[in-house]
Structures are given as C-alpha cells and as structure tokens.
Amino acid sequence: MLTVPAYQERLLEAVAPLTPVAVSVLDAGQLLGLVTTDEVRAVAMLPGFTNSAMDGYAVRAADVSDAPVTLPVSGDIAAGDTRRLRLEPGTCWRIMTGAPLPDGADSVVQVELTDGGTTDVRIDARVESGASVRYPGEDVQPGQVVLAAGTQLAAQHVPVLLSAGVQSVRVRPRPRVAVVSTGDELRPAGSELEHGQVTDSNGPMLAALAVQAGFDVVAVQHVGDSGPSTRAMLHGLADAADAIITSGGVSAGAFEPLRLAFEDDQSLEFVKVAMQPGKPQAFGSLGGTPVFGLPGNPVSSFVSFLVFVAPALRKMAGRPVDARTVRCEVARGWQPAAPGRTQVARIRMRPDGRIEQAGGPGSHLMGGLATAEGLAFVPADLRVVREGEVLEVIEFHPDEGPRSQALVDTSRGPRNA
Ligand SMILES: Nc1nc2c(c(=O)[nH]1)N[C@H]1C(S)=C(S)[C@@H](COP(=O)(O)OP(=O)(O)OC[C@H]3O[C@@H](n4cnc5c(N)ncnc54)[C@H](O)[C@@H]3O)O[C@H]1N2
Ligand code: MOO
C-alpha cells in the first residue's frame, strides 16, 4: 500500500500547470482566484490628476496664513467636473472630495474649519501648503509593477487593475473539471428509488467541492456498470476538460466499471493507499487529461478529493499545492478505525478550538459528514487518539464560497425588466 504523501507526490508529478492565457480585466469576477504568470505593470498613473482629499475650499495656503480670514468663493467644483479652472490669488473655490484642484490652488481647507459660506467664506484655521491635496502619481507610477508574477487574484487587486489602465493579465486558466459517477445502482437526484437503488450524490458533491475550491465544472455525468460505455464517456470528456474525476468502481467487485474499462489498459493504474477512508484509488491519463478515479463511498470520495485531487488541480492552476492546515488539540479521544492507515477523521471544533470526532468513521456516513467542520489527519502509527494529542486539520471554509461567479452589473435592474 502507498502512503498518503507518496500517492500525493505521484499525482503531483503527473500533472503540469495549464498554459497561460490573457484575460481581460473588464471581466474582474472571472479573474478571482486565478494566478498571474507575468508581472503586471501600470499604464496610467494614480491618481490621474491633482485632486482634493476633503470636502472644503481650495485655497492658496499663503492666503489663509492670517486666519481667521474671509475669502470670496468663485464657485463649486464637484467630483467629475471636467473644466480646467484657475484660482485667483485672494479667492477660493468650494470643492468636493475627489474633484480636480484648480490651477493656482495648493491646499484645501476642510469645511469643518469654515463657516461653510457659498459666496464668501470665513476660514478659521491656517493650513500648510499641500494640506488635503492628492497628487498625480503619488500612489502608482506608469510602468510600475502593481502585481508580481504568481499573485492569486482577489478582490484587493481589482481596483488597481481597473484604474491603472491595465487591459489584460496573463494567468493560468481555471482548470475545467468533468465529474462522472459510475454504478448501475445510481439514480439522478429527485428520482423515485426502487429497492437497491441510491441517489447519485457523489456527482453533485464532487462538482460542489470543485466549485468551492475555485475550479470550473464543465460536466456532471453518470455511467452504469459497463466497461465500454465508461471508456467511451471518459474519452469524450477528455477533450472537453482539463481533468476528469470519477467516483465508484475502483475496488474489488465483479462489476467495477472503471476496472472493466481500463484494467487491461496502461492508461489507468489501480492502487491502494494506506488511508481511511479512501483506500482504493485509480489514476491515469486519457490523451493527456488526468483522470482521478475516486472510491464510491461518499465520504471516501469527499476525502479523496480534498487530499489527492485538490492539490493536483491547484498545481494545474498555478496555486500553492498544499492545503492550508491548522494544528488542533484533541478534546476527546477516539480509536482510529483502521490502524496502520492514516485516518482522515471528520471533526467538529469546540468553541475553545479543540476538536472531537464528528460521527463515526464509516465511509458511507453522510449524516456525520454534514455535521463536520474539518478533517483531522491521524498518523498511521497512532493506535489511539488521546485527549491532548495535536493533529493537523484542514478546516472547511464555507465563507470562502465559489470563486468563479461573474460580477454582475445590477445598475440595469433585473434582466428583461
Ligand atoms: N472486497 C473488497 N471490497 C471492498 C474493498 C476492498 O478492498 N475489498 N474496499 C472497500 C472500500 S475501502 C471502499 S472505499 C469501497 C470503494 O468501492 P468502489 O470505488 O468500487 O465503489 P462502488 O462499489 O461503486 O460503491 C461503493 C459504495 O458507494 C456508493 N456509491 C457509489 N457511487 C455513488 C454515488 N455517485 N453517489 C452515492 N453513493 C455512491 C455505492 O452505492 C456503494 O454503496 O469498496 C469497499 N469494498
Ligand atoms: O477506503 Mo474505504 O474509503 O475505507 O471505505
């Protein structure tokens, strides 16, 4: 049996980062989570013009040095005013935050330090030259590197990309994933079930895991216990997807579709990993598209995705491969179900940050999975997990949500309205 790190390594060696593509920054929502392959340089400077940092009055500092003073107000300059204006010595303009400073003005007195007048204004405090003024290029200069190569794009990068005149960025594309459930017993969700049939929950679950982890799902399909049908379906999907994830049909039964399809073929290998759940695994490549064959038990599939598939897909996406883990202390011990195999235990977090097992270790227990808040790694040589033991934990982060949602312009109201 392979160890968990040995199988992870095998998968990582077999996949390569996807070829970079240029993506328009106008599609900012689509960029979230993608990784830049090149430095991104500003085209325009930021700010683009001298402007006010405060609502107040644009003045020459010299004219208010003997404050309190009263100055005539030449007019109003709102944000967005495109006129080229001048300030005559001994006068002022009422100006709003972000509005262009008139030529000749060198500072802004915020409105709170005045009587707020609109024809004449009494200014009660002196200001230094440059007070409350934002200068062109003080934030970003043309040609300046605003994003390093290898940046994983997030909301914080959107403003500078859109404002600094950048047209497009080169990124690794989001891996496109096809999901295939195998087995004659499966029926699509919502179907009436006959005795012996079960709902295909792995397909939608694996699709949800993929989307939640920042990948695109291009197909969710089902095939029965037929080797030829499985071969045909997977070969078809290999052209449309960057990776295929199957569930079921990899263990020792008489009708295992993945085995029937590929056992005599060099394209897929069937291995056992010293992990519980998730012992039987298959991996291979169809026309260069990696195929991850996960075991059918729902929790086995779930765990296998996070432990084996997600790191490989992250490598394809150019992201750091390792899952983020935290070290947590065990609040209440338990007995690992399969000593000698790394147990990937479903756990709950107590309010004090300590953990306990969520439900039993069985790999069919979907109810227990639903109550879990993370997965804890119990080393294979640990026969008993004792209170106080410290384990590595992958926390589930439902707050992170999907990353491929387009940003919608809601200003036009509902579609077809
Ligand atoms: N003789 C042996 N039997 C089994 C072994 C073994 O080593 N020797 N390993 C066991 C382990 S461990 C696992 S895990 C499972 C893996 O089995 P398969 O990958 O072949 O999966 P199936 O047999 O197709 O299904 C297993 C189980 O999961 C249910 N299932 C499958 N697909 C779905 C789906 N899309 N949605 C919901 N549920 C699904 C299926 O109905 C079965 O109950 O093998 C053990 N057996
Ligand atoms: O590997 Mo199986 O997932 O132990 O039930």
# chains A, B, ... in the order shown; residues from 1 in each chain; ligands from 1

$ residues_around --residues "Ala274 in chain A" --least-positions-apart "4" --cutoff "9 Å" --atoms "only C-alpha atoms" --output "list of chain:residue names"
A:Met1, A:Leu2, A:Thr3, A:Val4, A:Gly278, A:Lys279, A:Gly340, A:Arg341, A:Thr342, A:Gln343, A:Ala380

$ residues_near_ligand --ligand "ligand 1" --cutoff "9 Å" --atoms "only C-alpha atoms and all ligand atoms" --output "number ranges by chain"
A: 180-187, 196-205, 222, 225, 246-253, 255-259, 272, 275-281, 293-301, 363-364

$ residues_around --residues "Glu395 in chain A" --least-positions-apart "2" --cutoff "7 Å" --atoms "only C-alpha atoms" --output "number ranges by chain"
A: 325, 373-375, 393, 397

$ select_by_dssp --residues "range 128-229 of chain A" --states "alpha helix (DSSP H)" --output "ChimeraX atom specification"
/A:158-163,202-212,227-229

$ residues_around --residues "Ala14 in chain A" --least-positions-apart "4" --cutoff "9 Å" --atoms "only C-alpha atoms" --output "PyMOL selection string"
chain A and resi 9-10+284-285+290+312

$ write_last_selection --atoms "all heavy atoms" --output "tab-separated table (two decimals), in the first residue's frame"
chain	number	residue	atom	x	y	z
A	9	GLU	N	2.36	12.72	-4.04
A	9	GLU	CA	3.54	13.05	-4.83
A	9	GLU	C	3.39	12.50	-6.26
A	9	GLU	O	3.69	13.17	-7.24
A	9	GLU	CB	4.78	12.47	-4.13
A	9	GLU	CG	6.09	13.16	-4.43
A	9	GLU	CD	6.00	14.68	-4.41
A	9	GLU	OE1	5.51	15.28	-3.43
A	9	GLU	OE2	6.42	15.28	-5.42
A	10	ARG	N	2.91	11.27	-6.34
A	10	ARG	CA	2.71	10.62	-7.65
A	10	ARG	C	1.76	11.44	-8.53
A	10	ARG	O	2.01	11.64	-9.72
A	10	ARG	CB	2.11	9.25	-7.39
A	10	ARG	CG	1.98	8.37	-8.57
A	10	ARG	CD	2.27	7.04	-8.07
A	10	ARG	NE	1.90	5.94	-8.90
A	10	ARG	CZ	2.21	4.70	-8.55
A	10	ARG	NH1	2.85	4.48	-7.43
A	10	ARG	NH2	1.88	3.71	-9.33
A	284	GLY	N	-4.78	8.00	-13.89
A	284	GLY	CA	-4.19	7.80	-15.20
A	284	GLY	C	-4.40	9.01	-16.07
A	284	GLY	O	-4.73	10.10	-15.58
A	285	SER	N	-4.22	8.81	-17.36
A	285	SER	CA	-4.29	9.93	-18.28
A	285	SER	C	-4.93	9.45	-19.57
A	285	SER	O	-4.60	8.37	-20.08
A	285	SER	CB	-2.87	10.43	-18.51
A	285	SER	OG	-2.82	11.23	-19.66
A	290	PRO	N	-5.63	14.24	-17.12
A	290	PRO	CA	-5.56	13.37	-15.96
A	290	PRO	C	-6.95	12.88	-15.53
A	290	PRO	O	-7.92	13.63	-15.61
A	290	PRO	CB	-4.94	14.25	-14.87
A	290	PRO	CG	-5.05	15.64	-15.35
A	290	PRO	CD	-5.17	15.61	-16.84
A	312	ALA	N	-3.57	18.47	-6.79
A	312	ALA	CA	-3.16	18.34	-8.19
A	312	ALA	C	-3.81	19.44	-9.04
A	312	ALA	O	-3.16	20.04	-9.91
A	312	ALA	CB	-3.53	16.95	-8.72

$ select_by_dssp --residues "range 214-342 of chain A" --states "strand (DSSP E)" --output "PyMOL selection string"
chain A and resi 216-223+243-247+268-272+275-276+280-286+289-294+326-329+342

$ residues_around --residues "range 67-83 of chain A" --least-positions-apart "6" --cutoff "12 Å" --atoms "only C-alpha atoms" --output "number ranges by chain"
A: 49-61, 89-103, 109, 113-127
